[in-house]
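Here the structure comes first, spelled out in structure tokens, and everything after it is commentary.
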Protein chains: 2
Amino acid sequence: MHIFETINKVQLAGKKWLKVMVALCILTFPFGTKLMAQQNNEMVRLAKIKVDASQLKKYNAALKEQMTTAVRVEPGVLTYYAVADKRDLTSITILEIYADTAAYKSHIETVHFKKYKETVKDMVKSLELIDVTLIGSAKKPDM
Amino acid sequence: MHIFETINKVQLAGKKWLKVMVALCILTFPFGTKLMAQQNNEMVRLAKIKVDASQLKKYNAALKEQMTTAVRVEPGVLTYYAVADKRDLTSITILEIYADTAAYKSHIETVHFKKYKETVKDMVKSLELIDVTLIGSAKKPDM
């Protein structure tokens, strides 16, 4: 527990203002934000996908399996968010974050990604890949 | 430390298969994914914004201040990701997640949001708000 070691060191040092600062850090931590500046090499992308309406349920299941497997087993696959337009649930946007382009290149050669591509090849009507740069993000610590 | 209390209880119970399962959970935890199913009431949105190129830097600064302040001080503002198209950095997409529509309605009445809107009113050339539903997300635990 680094935080208690820190407190202990501060107590040993006997500096009151340091104690107050450490206490403030601890007290405000649960209410703080998790801020991320984009790492230099991160690869961020938006994928815009139109899905055949009659196969939407199967497509969403395949997509979720692909996302969860990739994040679980590939060190360089960091984040996915997949959302569907409420006015047209077949219009899907995916935010993808990889550690770097090498991680992405490795990702598309994996068995699970190839399985996903094979599964959805007749479900996807169009696919647009947009390379983006992360301006910024902010999240509650538990999100 | 719940995890060590758990191990201790398991040791007391003396059941080997339970010990093995707990050990496996601990060992695989750092490699696991953080999965989120959309909470029933969460409000998820994509905002698509075109910014005046000559004011892009100022716009991005105002956007980042708005995002970080909202997530820090408003309990119902959960997540923001803001990205810019690499081919045209004035084309910005923001993924926004609020706890519910009440949290969003409260958000747009805050001082910091109104300040942002006032600051950027002559920087934003167009704004499209798209209500979306979260199909799924997957993230490394530290993301």
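All residue names refer to the structure tokens as shown: chains lettered A, B, ... in order, residues numbered from 1 in each chain, ligands numbered from 1 in order.
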Review point. Quick one: DSSP helix (DSSP H, G or I) residues in region 22-124 of chain B, as a count of residues only?
Key: 48
Check your understanding: What's the 6 Å shell around Asp85 (chain B), counting only C-alpha atoms, without same-chain residues fewer than 4 positions away, as an NGL selection string?
Key -> (:A and (132)) or (:B and (89 or 91))
Practice item. Could the residues of chain A within 6 Å of chain B, counting only C-alpha atoms, be given as a ChimeraX atom specification, please? Key: /A:32-33,68,72,78-86,131-140
Exercise for review: Could you tell me how far CA of Val111 (chain A) lies from CA of Ala62 (chain A), in Å and to one decimal?
Suggested key: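 That distance, rounded to one decimal, is 13.5 Å.
CA of Lys117 (chain B) is found 28.1 Å from CA of Lys48 (chain A).
What separates CA of Lys50 (chain B) from CA of Phe113 (chain B) is a distance of 18.5 Å.
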